[in-house]
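Colleague: This is target31.cif (mmCIF, C-alpha atoms and all ligand atoms).
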data_upload
#
loop_
_atom_site.label_atom_id
_atom_site.label_comp_id
_atom_site.auth_asym_id
_atom_site.auth_seq_id
_atom_site.Cartn_x
_atom_site.Cartn_y
_atom_site.Cartn_z
CA MET A 1 -41.41 26.20 -8.09
CA SER A 2 -38.06 24.43 -8.11
CA ILE A 3 -35.92 24.41 -11.21
CA ILE A 4 -34.95 20.82 -12.08
CA SER A 5 -31.68 20.95 -13.96
CA ASN A 6 -28.18 19.50 -14.20
CA ASP A 7 -26.53 22.94 -14.22
CA ILE A 8 -23.73 22.83 -11.65
CA SER A 9 -22.95 26.55 -11.91
CA LYS A 10 -26.53 27.40 -10.85
CA ALA A 11 -26.18 25.06 -7.87
CA LYS A 12 -22.86 26.64 -6.93
CA ALA A 13 -24.31 30.17 -7.03
CA ILE A 14 -27.26 29.23 -4.81
CA LEU A 15 -25.08 27.41 -2.26
CA GLU A 16 -22.68 30.36 -2.12
CA LYS A 17 -25.65 32.53 -1.14
CA GLU A 18 -26.26 30.16 1.81
CA ASP A 19 -29.43 28.79 0.26
CA LEU A 20 -30.20 25.07 -0.32
CA VAL A 21 -30.00 22.77 -3.34
CA ALA A 22 -31.13 19.14 -3.63
CA ILE A 23 -28.16 17.12 -4.87
CA PRO A 24 -27.93 13.63 -6.34
CA THR A 25 -25.75 11.01 -4.71
CA GLU A 26 -25.45 7.32 -5.49
CA THR A 27 -27.48 6.48 -2.35
CA VAL A 28 -30.36 8.98 -2.13
CA TYR A 29 -30.86 12.67 -2.97
CA GLY A 30 -29.54 15.05 -0.33
CA LEU A 31 -30.80 18.43 0.85
CA ALA A 32 -27.53 20.32 0.71
CA GLY A 33 -26.18 23.51 2.22
CA ASN A 34 -22.85 25.11 3.15
CA ALA A 35 -21.50 23.10 6.11
CA PHE A 36 -19.95 26.25 7.61
CA SER A 37 -23.06 28.45 7.34
CA GLU A 38 -25.35 28.54 10.33
CA LYS A 39 -28.06 30.09 8.16
CA ALA A 40 -27.93 27.24 5.63
CA ILE A 41 -27.81 24.57 8.35
CA ARG A 42 -30.84 26.03 10.13
CA LYS A 43 -32.69 26.12 6.82
CA ILE A 44 -32.02 22.40 6.36
CA PHE A 45 -33.49 21.52 9.76
CA ASP A 46 -36.48 23.81 9.14
CA THR A 47 -37.17 22.50 5.64
CA LYS A 48 -37.03 18.87 6.74
CA LYS A 49 -38.76 19.52 10.06
CA ARG A 50 -35.95 17.53 11.55
CA PRO A 51 -35.23 17.67 15.29
CA LEU A 52 -32.02 19.53 16.08
CA PHE A 53 -30.68 16.56 18.09
CA ASN A 54 -30.22 14.53 14.90
CA PRO A 55 -26.81 15.38 13.39
CA LEU A 56 -25.98 15.81 9.69
CA ILE A 57 -23.46 14.16 7.36
CA VAL A 58 -20.72 16.35 5.86
CA HIS A 59 -20.01 15.62 2.18
CA ILE A 60 -16.51 16.21 0.79
CA HIS A 61 -14.93 15.59 -2.62
CA ALA A 62 -11.87 13.60 -1.55
CA ALA A 63 -10.53 11.67 1.42
CA ALA A 64 -7.71 14.20 1.74
CA VAL A 65 -10.21 16.78 3.06
CA VAL A 66 -11.02 14.63 6.12
CA SER A 67 -8.03 15.86 8.08
CA GLU A 68 -9.34 19.45 7.83
CA LEU A 69 -12.54 18.41 9.63
CA ALA A 70 -11.54 15.52 11.89
CA LYS A 71 -8.68 14.51 14.21
CA ASP A 72 -7.32 11.38 15.93
CA ILE A 73 -8.36 9.34 12.92
CA PRO A 74 -8.03 5.58 13.59
CA GLU A 75 -6.07 3.41 11.17
CA LYS A 76 -9.18 1.39 10.38
CA ALA A 77 -10.95 4.57 9.24
CA TYR A 78 -8.20 5.13 6.68
CA GLN A 79 -8.56 1.54 5.52
CA LEU A 80 -12.31 1.96 5.07
CA ALA A 81 -11.93 5.28 3.25
CA GLN A 82 -9.36 3.69 0.95
CA ALA A 83 -11.64 0.75 0.22
CA PHE A 84 -14.99 2.50 -0.20
CA TRP A 85 -14.59 6.20 -1.12
CA PRO A 86 -15.99 7.67 -3.17
CA GLY A 87 -18.97 5.61 -2.07
CA SER A 88 -21.74 4.71 0.31
CA LEU A 89 -19.81 4.69 3.56
CA THR A 90 -20.01 7.39 6.24
CA LEU A 91 -17.29 7.62 8.89
CA VAL A 92 -17.98 9.13 12.30
CA LEU A 93 -14.76 10.73 13.58
CA LYS A 94 -13.59 13.13 16.32
CA LYS A 95 -14.45 16.59 15.07
CA LYS A 96 -12.19 19.60 14.76
CA SER A 97 -13.51 22.93 16.00
CA VAL A 98 -14.13 24.26 12.46
CA VAL A 99 -17.17 21.98 12.24
CA PRO A 100 -20.17 23.87 13.68
CA GLY A 101 -21.88 22.29 16.67
CA LEU A 102 -25.18 22.68 14.83
CA VAL A 103 -23.98 20.11 12.25
CA THR A 104 -23.11 17.54 14.89
CA ALA A 105 -25.97 18.25 17.30
CA GLY A 106 -23.41 19.25 19.89
CA LYS A 107 -21.52 15.95 19.72
CA ASP A 108 -17.74 15.88 19.61
CA THR A 109 -17.86 13.65 16.53
CA VAL A 110 -18.66 14.44 12.90
CA ALA A 111 -20.07 12.15 10.19
CA ILE A 112 -18.25 12.45 6.84
CA ARG A 113 -18.47 10.85 3.43
CA VAL A 114 -17.31 11.21 -0.17
CA PRO A 115 -20.40 10.52 -2.31
CA ASN A 116 -19.99 8.70 -5.60
CA HIS A 117 -21.88 10.79 -8.10
CA PRO A 118 -20.12 12.65 -10.92
CA LEU A 119 -22.32 15.80 -10.78
CA THR A 120 -22.05 16.18 -7.03
CA LEU A 121 -18.32 15.46 -6.98
CA GLU A 122 -17.82 18.18 -9.59
CA LEU A 123 -20.01 20.55 -7.58
CA LEU A 124 -18.05 19.82 -4.38
CA ARG A 125 -14.75 20.39 -6.17
CA SER A 126 -15.99 23.78 -7.38
CA LEU A 127 -16.94 24.98 -3.87
CA SER A 128 -14.70 26.39 -1.16
CA PHE A 129 -16.72 24.64 1.59
CA PRO A 130 -18.11 21.12 2.19
CA LEU A 131 -21.83 20.39 2.03
CA VAL A 132 -24.04 19.08 4.79
CA ALA A 133 -26.81 16.98 3.31
CA PRO A 134 -29.44 14.87 5.01
CA SER A 135 -31.73 12.88 2.75
CA ALA A 136 -34.04 15.26 0.86
CA ASN A 137 -37.31 14.18 2.45
CA PRO A 138 -39.42 15.52 5.28
CA PHE A 139 -38.35 13.92 8.55
CA GLY A 140 -39.65 10.35 8.80
CA SER A 141 -40.89 9.92 5.23
CA ILE A 142 -39.55 7.83 2.34
CA SER A 143 -36.12 8.93 1.09
CA PRO A 144 -35.93 10.21 -2.51
CA THR A 145 -34.02 8.31 -5.19
CA ARG A 146 -35.21 10.41 -8.16
CA ALA A 147 -35.45 14.16 -8.76
CA VAL A 148 -39.25 13.88 -9.06
CA HIS A 149 -39.44 12.42 -5.56
CA VAL A 150 -37.69 15.53 -4.22
CA ALA A 151 -39.98 17.79 -6.26
CA GLY A 152 -42.98 15.98 -4.75
CA TYR A 153 -41.78 17.00 -1.30
CA PHE A 154 -40.18 20.40 -1.75
CA GLU A 155 -41.03 21.99 -5.09
CA ASN A 156 -42.45 25.05 -3.42
CA THR A 157 -39.54 25.58 -1.06
CA LEU A 158 -36.36 24.65 -2.96
CA PRO A 159 -34.86 26.92 -5.64
CA LEU A 160 -33.04 24.07 -7.45
CA ILE A 161 -33.04 20.30 -7.69
CA LEU A 162 -29.83 19.17 -9.35
CA ASP A 163 -30.99 16.26 -11.48
CA GLY A 164 -28.48 13.43 -11.60
CA GLY A 165 -30.88 10.69 -12.64
CA ASN A 166 -31.88 7.68 -10.55
CA CYS A 167 -29.71 6.88 -7.52
CA THR A 168 -27.83 3.69 -8.32
CA SER A 169 -27.43 2.27 -4.78
CA GLY A 170 -30.83 3.42 -3.63
CA ILE A 171 -30.50 3.21 0.17
CA GLU A 172 -28.51 5.42 2.51
CA SER A 173 -24.84 5.03 3.32
CA THR A 174 -23.60 2.60 5.94
CA ILE A 175 -22.39 4.50 9.02
CA ILE A 176 -19.32 3.35 10.97
CA GLY A 177 -17.85 5.07 14.01
CA PHE A 178 -15.25 4.18 16.64
CA GLU A 179 -15.69 3.70 20.37
CA ASN A 180 -12.60 2.93 22.46
CA GLN A 181 -10.75 2.45 19.16
CA GLU A 182 -13.17 -0.31 18.11
CA PRO A 183 -15.28 0.03 14.95
CA VAL A 184 -19.02 0.33 15.61
CA LEU A 185 -21.87 0.09 13.12
CA TYR A 186 -24.42 2.89 13.62
CA ARG A 187 -26.54 2.35 10.52
CA LEU A 188 -26.88 -0.52 8.08
CA GLY A 189 -26.77 0.78 4.54
CA ALA A 190 -25.73 0.43 0.94
CA ILE A 191 -22.44 -1.28 1.76
CA SER A 192 -23.05 -4.60 3.50
CA LEU A 193 -21.58 -5.51 6.87
CA GLU A 194 -19.87 -8.44 5.18
CA GLU A 195 -18.03 -6.06 2.82
CA ILE A 196 -16.97 -3.82 5.74
CA GLU A 197 -15.77 -6.75 7.88
CA ALA A 198 -13.76 -8.11 4.95
CA VAL A 199 -11.65 -4.93 5.21
CA ILE A 200 -11.37 -4.24 8.97
CA GLY A 201 -12.54 -7.40 10.72
CA LYS A 202 -15.29 -7.63 13.34
CA VAL A 203 -17.53 -4.61 13.83
CA ILE A 204 -19.65 -4.01 16.94
CA ILE A 205 -23.33 -3.59 16.14
CA LYS A 206 -25.19 -0.92 18.10
CA ASN A 207 -28.85 -1.35 18.85
CA HIS A 208 -30.77 1.76 18.03
CA LYS A 209 -33.04 3.19 20.67
CA GLU A 210 -36.33 4.77 19.81
CA SER A 211 -36.29 7.89 21.91
CA ALA A 212 -32.69 9.04 22.07
CA PRO A 213 -30.90 8.12 18.88
CA GLU A 214 -27.70 8.32 20.86
CA ALA A 215 -25.50 7.50 17.94
CA PRO A 216 -27.41 7.92 14.73
CA GLY A 217 -30.81 9.19 13.81
CA MET A 218 -32.08 5.72 13.68
CA LEU A 219 -35.39 6.57 15.15
CA LEU A 220 -37.55 3.54 14.95
CA LYS A 221 -40.20 5.05 12.70
CA HIS A 222 -38.57 6.29 9.55
CA TYR A 223 -38.65 5.85 5.79
CA ALA A 224 -42.39 5.43 6.11
CA PRO A 225 -45.06 5.52 3.40
CA LYS A 226 -48.32 7.29 4.29
CA THR A 227 -50.20 4.10 3.46
CA ARG A 228 -50.35 1.55 6.28
CA THR A 229 -47.45 -0.83 5.70
CA ILE A 230 -46.65 -4.20 7.26
CA LEU A 231 -43.71 -6.58 7.02
CA VAL A 232 -44.35 -10.34 6.86
CA ASP A 233 -42.31 -13.52 6.45
CA SER A 234 -44.43 -14.78 3.56
CA VAL A 235 -46.68 -12.57 1.45
CA LYS A 236 -48.16 -15.67 -0.15
CA ASP A 237 -49.39 -16.97 3.24
CA PHE A 238 -50.59 -13.52 4.25
CA ILE A 239 -52.63 -13.04 1.06
CA GLN A 240 -54.35 -16.41 1.46
CA HIS A 241 -55.98 -15.19 4.65
CA ALA A 242 -56.21 -11.46 3.99
CA GLU A 243 -59.62 -9.84 4.12
CA THR A 244 -58.39 -6.36 3.21
CA GLU A 245 -59.06 -5.18 -0.34
CA LYS A 246 -56.71 -3.04 -2.43
CA ILE A 247 -53.37 -4.34 -1.30
CA GLY A 248 -49.94 -3.40 -2.71
CA VAL A 249 -47.12 -5.92 -2.44
CA ILE A 250 -43.33 -5.68 -2.24
CA THR A 251 -41.29 -8.87 -2.69
CA PHE A 252 -37.69 -9.72 -3.47
CA GLN A 253 -38.14 -12.14 -6.41
CA GLN A 254 -41.46 -13.90 -6.13
CA LYS A 255 -44.62 -13.12 -8.10
CA ILE A 256 -47.73 -13.39 -5.89
CA SER A 257 -51.31 -13.75 -7.08
CA GLY A 258 -54.48 -12.79 -5.25
CA THR A 259 -57.65 -10.89 -6.08
CA GLN A 260 -56.92 -8.33 -3.35
CA ILE A 261 -53.64 -7.31 -4.99
CA ILE A 262 -53.84 -4.10 -7.01
CA HIS A 263 -50.15 -3.73 -7.71
CA GLN A 264 -46.98 -5.67 -7.05
CA GLU A 265 -43.35 -4.51 -6.93
CA ILE A 266 -40.78 -7.28 -7.43
CA LEU A 267 -37.49 -5.68 -6.40
CA SER A 268 -35.19 -8.05 -8.33
CA GLU A 269 -36.38 -10.93 -10.48
CA GLN A 270 -32.79 -12.21 -10.61
CA GLY A 271 -32.54 -12.19 -6.82
CA ASP A 272 -29.80 -9.55 -6.82
CA TYR A 273 -29.58 -7.64 -3.52
CA LYS A 274 -27.98 -4.58 -5.07
CA GLU A 275 -30.73 -4.30 -7.67
CA ALA A 276 -33.37 -4.80 -4.97
CA ALA A 277 -31.87 -2.02 -2.81
CA ALA A 278 -31.73 0.32 -5.80
CA ASN A 279 -35.45 -0.27 -6.45
CA LEU A 280 -36.75 -0.22 -2.86
CA TYR A 281 -37.64 3.44 -2.25
CA ASP A 282 -38.87 4.00 -5.80
CA ALA A 283 -41.25 1.06 -5.33
CA MET A 284 -42.41 2.48 -1.98
CA HIS A 285 -43.02 5.91 -3.54
CA ARG A 286 -45.01 4.35 -6.39
CA LEU A 287 -47.18 2.22 -4.12
CA ASP A 288 -47.81 5.19 -1.86
CA THR A 289 -49.53 7.10 -4.72
CA MET A 290 -51.98 4.28 -5.50
CA LYS A 291 -54.60 4.90 -2.82
CA LEU A 292 -54.14 1.42 -1.39
CA ASN A 293 -55.53 0.23 1.94
CA LEU A 294 -52.39 -1.67 2.80
CA ILE A 295 -48.83 -2.29 1.62
CA VAL A 296 -47.44 -5.74 2.47
CA ALA A 297 -43.69 -6.20 2.21
CA GLU A 298 -41.88 -9.52 2.47
CA ARG A 299 -38.87 -9.89 4.74
CA PHE A 300 -35.56 -10.45 2.93
CA PRO A 301 -33.03 -13.14 3.85
CA GLU A 302 -30.89 -11.79 6.74
CA GLU A 303 -27.64 -11.65 4.80
CA ASN A 304 -25.70 -9.14 2.76
CA LEU A 305 -27.82 -6.14 1.70
CA GLY A 306 -30.90 -8.14 2.69
CA LYS A 307 -30.09 -7.00 6.26
CA SER A 308 -30.06 -3.33 5.23
CA ILE A 309 -33.29 -3.70 3.28
CA ASN A 310 -34.95 -5.42 6.27
CA ASP A 311 -33.78 -2.55 8.47
CA ARG A 312 -35.52 0.00 6.23
CA LEU A 313 -38.66 -2.13 5.84
CA THR A 314 -38.89 -2.60 9.60
CA ARG A 315 -38.69 1.14 10.23
CA ALA A 316 -41.19 1.82 7.45
CA THR A 317 -43.72 -0.41 9.16
CA LYS A 318 -43.49 0.80 12.75
O1 LIG B 1 -26.51 8.12 2.03
C1 LIG B 1 -26.57 9.01 2.87
O2 LIG B 1 -25.92 8.95 3.95
C2 LIG B 1 -27.47 10.22 2.58
C3 LIG B 1 -26.89 11.00 1.40
C4 LIG B 1 -27.63 12.26 1.08
O3 LIG B 1 -25.53 11.24 1.62
N1 LIG B 1 -27.61 11.05 3.73
C5 LIG B 1 -28.34 10.68 4.80
O4 LIG B 1 -28.45 11.66 5.76
O5 LIG B 1 -28.85 9.59 4.91
P1 LIG B 1 -29.50 11.60 6.96
O6 LIG B 1 -29.38 12.95 7.59
O7 LIG B 1 -30.83 11.20 6.45
O8 LIG B 1 -28.90 10.56 7.93
C6 LIG B 1 -27.72 10.89 8.64
C7 LIG B 1 -27.49 9.89 9.71
C8 LIG B 1 -28.45 10.09 10.85
O9 LIG B 1 -28.87 8.79 11.24
C9 LIG B 1 -27.57 10.73 11.90
O10 LIG B 1 -28.03 10.49 13.21
C10 LIG B 1 -26.24 10.08 11.64
O11 LIG B 1 -26.17 10.09 10.24
N2 LIG B 1 -25.13 10.88 12.17
C11 LIG B 1 -24.73 12.09 11.77
N3 LIG B 1 -23.73 12.55 12.53
C12 LIG B 1 -23.47 11.60 13.45
C13 LIG B 1 -22.55 11.46 14.53
N4 LIG B 1 -21.68 12.41 14.84
N5 LIG B 1 -22.57 10.32 15.24
C14 LIG B 1 -23.44 9.36 14.94
N6 LIG B 1 -24.35 9.41 13.94
C15 LIG B 1 -24.37 10.51 13.21
MG MG B 2 -32.73 10.37 6.17
#
Here is a file; write its structure as structure tokens.
Ligand code: TXA
Ligand code: MG

Modeller:
Amino acid sequence: MSIISNDISKAKAILEKEDLVAIPTETVYGLAGNAFSEKAIRKIFDTKKRPLFNPLIVHIHAAAVVSELAKDIPEKAYQLAQAFWPGSLTLVLKKKSVVPGLVTAGKDTVAIRVPNHPLTLELLRSLSFPLVAPSANPFGSISPTRAVHVAGYFENTLPLILDGGNCTSGIESTIIGFENQEPVLYRLGAISLEEIEAVIGKVIIKNHKESAPEAPGMLLKHYAPKTRTILVDSVKDFIQHAETEKIGVITFQQKISGTQIIHQEILSEQGDYKEAAANLYDAMHRLDTMKLNLIVAERFPEENLGKSINDRLTRATK
């Protein structure tokens, strides 16, 4: 059984023994281990059942640490770090040899971010090594935004879940890399493309392939509830013609009625994208426990964090 606690010294002791701890970040909970320990890294891949070709993000406590791990850092990377760290932005940079190949799946680049959570920042400051941390969920399933979500997945395998409350951003970091000096978006996330482009100008958007997630682990099926889930343009229209019973619904703002609906999750009554993103995975987790026949989610407007939410909903429904 995992201990669920906010005791940083316990977390530190476990990590120093090359074991794993679930850590809170502002995006989602991470499954963390010593970034320089092959034993800890292997344990992360084993625990998550994650394929070894999908590289991990290295978490550090301050931008100043980047130069220990990465080289040839483009000017625009500094500008992004300055604007968004600590926060929900991951930078993919040329790696230095201290970063184990197991972390980067053999690539010559490493993904790095400074998370914005007081407990985890204090933990990172207390350690003599950075932490690698993928989201703390089995490969392909819904990411955890609360300590209980992590416990639901790993309570028999993890010694400690560091409880930092509910994640405030609620979806994973935005990932930006550089190809031929040009900024490239590898994953939509908690910082919108509009916010990124306001700092560094136009960003190239990479299309993610299903089989070889050449850049990022954006495998098409991901973040998926166990319950069959579909994404539609209008839940209201769908419900009018639906013959399925016991349906769960996810919408942005709108309340939907229908006798087939058992439970509805409205992600933000005020129509606030940030609030909607923060509620998304928690809503998916809740619906997934309700023994429904079907979850119907409504597509968000394709702007701002609506794009990132649509990305996750699309992958959840493949
Ligand atoms: O918000 C987050 O980023 C969370 C929290 C815990 O920090 N972490 C997270 O990790 O989402 P994970 O492992 O679920 O997703 C990491 C993503 C994958 O899509 C992976 O392919 C990509 O980062 N990635 C890692 N290293 C990369 C690299 N060198 N080049 C391109 N993509 C990389
Ligand atoms: Mg993940």

Colleague: Within 9 Å of ligand MG 2 (chain B), which residues show up when you count all atoms listed in the file? List them as a ChimeraX atom specification, please.

Modeller: /A:28,30,134-143,172,217-218,222-223

Colleague: Can you write out the residues you just picked, keeping C-alpha atoms, as a CSV table (one decimal), in the frame of the given file?

Modeller:
chain,number,residue,atom,x,y,z
A,28,VAL,CA,-30.4,9.0,-2.1
A,30,GLY,CA,-29.5,15.0,-0.3
A,134,PRO,CA,-29.4,14.9,5.0
A,135,SER,CA,-31.7,12.9,2.8
A,136,ALA,CA,-34.0,15.3,0.9
A,137,ASN,CA,-37.3,14.2,2.4
A,138,PRO,CA,-39.4,15.5,5.3
A,139,PHE,CA,-38.4,13.9,8.6
A,140,GLY,CA,-39.6,10.4,8.8
A,141,SER,CA,-40.9,9.9,5.2
A,142,ILE,CA,-39.6,7.8,2.3
A,143,SER,CA,-36.1,8.9,1.1
A,172,GLU,CA,-28.5,5.4,2.5
A,217,GLY,CA,-30.8,9.2,13.8
A,218,MET,CA,-32.1,5.7,13.7
A,222,HIS,CA,-38.6,6.3,9.6
A,223,TYR,CA,-38.6,5.8,5.8

Colleague: What's the separation between atom CA of Val114 of chain A and atom CA of Leu15 of chain A, in Å to one decimal place?

Modeller: 18.1 Å

Colleague: Using all atoms listed in the file, find each residue with an atom at most 7 Å away from ligand LIG 1 (chain B) and format the answer as a PyMOL selection string.

Modeller: chain A and resi 25+27-31+54-57+88+90+92+104+107+109-111+115+133-135+171-173+175+186-187+213+215-218

Colleague: Have a look at A:Ile73, A:Leu185, A:Ala35, A:Ile230 and name the one nearest to Pro100 of chain A; count only C-alpha atoms.

Modeller: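 Of the candidates, the smallest distance to Pro100 of chain A is held by A:Ala35.
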
Colleague: Which residue, A:Glu195, A:Asp282, A:Glu18, A:Glu75, has the smallest gap to Val132 of chain A when you use all atoms listed in the file?

Modeller: A:Glu18

Colleague: Mind checking which residues fall within 8 Å of segment 7-13 of chain A, counting only C-alpha atoms, ignoring those fewer than 4 positions away in the same chain, and posting them as a PyMOL selection string?

Modeller: chain A and resi 17+21+119+122-123+126-127+160+162

Colleague: What does the distance between atom CA of Ile41 of chain A and atom CA of Lys206 of chain A come to in Å, to one decimal place?

Modeller: 27.4 Å

Colleague: Tell me which of A:Pro24, A:Thr317, A:Lys226, A:Ile266 sits closest to Asp288 of chain A, counting all atoms listed in the file.

Modeller: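 Answer, going by the shortest atom-to-atom distance: A:Lys226.
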
Colleague: Which residue, A:Ile191, A:Ala63, A:Ile295, A:Ile3, has the smallest gap to Ala277 of chain A when you use only C-alpha atoms?

Modeller: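 Distance minimum relative to Ala277 of chain A lands on A:Ile191.
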
Colleague: Which residue gives the smallest distance to Glu302 of chain A among A:Thr244, A:Phe238, A:His117, A:Glu194, with only C-alpha atoms counted?

Modeller: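 With only C-alpha atoms as the atom set, the closest residue is A:Glu194.
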
Colleague: Choose the residue, out of A:Pro130, A:Pro118, A:Gly189, A:Pro86, that has the smallest atom-to-atom separation from Gly33 of chain A; count all atoms listed in the file.

Modeller: A:Pro130

Colleague: Dump segment 152-232 of chain A with C-alpha atoms to a file, as an mmCIF file, in the first residue's frame.

Modeller:
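That gives us selection-v4.cif:
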data_model
loop_
_atom_site.group_PDB
_atom_site.id
_atom_site.type_symbol
_atom_site.label_atom_id
_atom_site.label_comp_id
_atom_site.auth_asym_id
_atom_site.auth_seq_id
_atom_site.Cartn_x
_atom_site.Cartn_y
_atom_site.Cartn_z
ATOM 1 C CA GLY A 152 -6.155 3.942 -8.036
ATOM 2 C CA TYR A 153 -3.450 2.954 -10.501
ATOM 3 C CA PHE A 154 -0.399 2.166 -8.393
ATOM 4 C CA GLU A 155 -1.225 1.773 -4.710
ATOM 5 C CA ASN A 156 0.245 -1.692 -4.617
ATOM 6 C CA THR A 157 3.466 -0.779 -6.380
ATOM 7 C CA LEU A 158 4.463 2.716 -5.200
ATOM 8 C CA PRO A 159 5.938 3.338 -1.740
ATOM 9 C CA LEU A 160 4.835 7.002 -1.602
ATOM 10 C CA ILE A 161 2.448 9.393 -3.292
ATOM 11 C CA LEU A 162 3.424 12.947 -2.421
ATOM 12 C CA ASP A 163 0.057 14.651 -2.042
ATOM 13 C CA GLY A 164 0.050 18.197 -3.365
ATOM 14 C CA GLY A 165 -3.694 18.538 -3.847
ATOM 15 C CA ASN A 166 -5.486 18.923 -7.169
ATOM 16 C CA CYS A 167 -3.363 19.885 -10.183
ATOM 17 C CA THR A 168 -4.273 23.447 -11.102
ATOM 18 C CA SER A 169 -3.588 23.348 -14.866
ATOM 19 C CA GLY A 170 -4.870 19.818 -15.294
ATOM 20 C CA ILE A 171 -3.403 18.842 -18.679
ATOM 21 C CA GLU A 172 0.190 18.083 -19.589
ATOM 22 C CA SER A 173 2.826 20.633 -20.470
ATOM 23 C CA THR A 174 3.159 22.075 -23.959
ATOM 24 C CA ILE A 175 6.281 20.678 -25.658
ATOM 25 C CA ILE A 176 8.439 22.870 -27.908
ATOM 26 C CA GLY A 177 11.619 21.790 -29.669
ATOM 27 C CA PHE A 178 13.848 23.242 -32.382
ATOM 28 C CA GLU A 179 14.581 21.909 -35.846
ATOM 29 C CA ASN A 180 17.045 23.830 -38.032
ATOM 30 C CA GLN A 181 16.869 26.603 -35.419
ATOM 31 C CA GLU A 182 13.101 26.939 -35.910
ATOM 32 C CA PRO A 183 10.679 26.355 -33.009
ATOM 33 C CA VAL A 184 8.470 23.290 -33.435
ATOM 34 C CA LEU A 185 5.416 22.288 -31.414
ATOM 35 C CA TYR A 186 5.519 18.597 -30.448
ATOM 36 C CA ARG A 187 2.572 18.517 -28.048
ATOM 37 C CA LEU A 188 -0.292 20.893 -27.387
ATOM 38 C CA GLY A 189 -0.694 21.429 -23.673
ATOM 39 C CA ALA A 190 -1.468 23.650 -20.730
ATOM 40 C CA ILE A 191 0.105 26.743 -22.294
ATOM 41 C CA SER A 192 -1.731 27.716 -25.468
ATOM 42 C CA LEU A 193 -0.042 28.118 -28.838
ATOM 43 C CA GLU A 194 -1.241 31.724 -28.846
ATOM 44 C CA GLU A 195 0.673 32.409 -25.602
ATOM 45 C CA ILE A 196 3.833 30.762 -27.002
ATOM 46 C CA GLU A 197 3.651 32.644 -30.315
ATOM 47 C CA ALA A 198 3.186 35.935 -28.464
ATOM 48 C CA VAL A 199 6.719 35.398 -27.083
ATOM 49 C CA ILE A 200 8.683 33.847 -29.985
ATOM 50 C CA GLY A 201 6.550 34.327 -33.090
ATOM 51 C CA LYS A 202 5.413 31.590 -35.473
ATOM 52 C CA VAL A 203 5.855 27.987 -34.388
ATOM 53 C CA ILE A 204 5.846 25.016 -36.775
ATOM 54 C CA ILE A 205 3.225 22.432 -35.885
ATOM 55 C CA LYS A 206 4.243 18.792 -36.239
ATOM 56 C CA ASN A 207 1.674 16.195 -37.115
ATOM 57 C CA HIS A 208 1.923 13.227 -34.845
ATOM 58 C CA LYS A 209 2.143 9.809 -36.415
ATOM 59 C CA GLU A 210 0.479 6.819 -34.880
ATOM 60 C CA SER A 211 3.179 4.198 -35.122
ATOM 61 C CA ALA A 212 6.475 5.992 -34.676
ATOM 62 C CA PRO A 213 6.035 8.953 -32.374
ATOM 63 C CA GLU A 214 9.121 10.403 -33.980
ATOM 64 C CA ALA A 215 9.114 13.493 -31.860
ATOM 65 C CA PRO A 216 6.877 13.015 -28.882
ATOM 66 C CA GLY A 217 4.926 10.158 -27.458
ATOM 67 C CA MET A 218 1.868 11.414 -29.095
ATOM 68 C CA LEU A 219 0.577 8.027 -29.942
ATOM 69 C CA LEU A 220 -2.872 8.421 -31.306
ATOM 70 C CA LYS A 221 -4.620 6.414 -28.609
ATOM 71 C CA HIS A 222 -3.846 7.927 -25.257
ATOM 72 C CA TYR A 223 -5.518 9.470 -22.225
ATOM 73 C CA ALA A 224 -8.299 6.961 -22.729
ATOM 74 C CA PRO A 225 -11.096 5.964 -20.347
ATOM 75 C CA LYS A 226 -11.994 2.265 -20.230
ATOM 76 C CA THR A 227 -15.567 3.166 -21.129
ATOM 77 C CA ARG A 228 -16.219 3.621 -24.850
ATOM 78 C CA THR A 229 -15.840 7.335 -25.541
ATOM 79 C CA ILE A 230 -16.777 9.409 -28.580
ATOM 80 C CA LEU A 231 -16.252 13.027 -29.562
ATOM 81 C CA VAL A 232 -19.061 14.922 -31.322
#
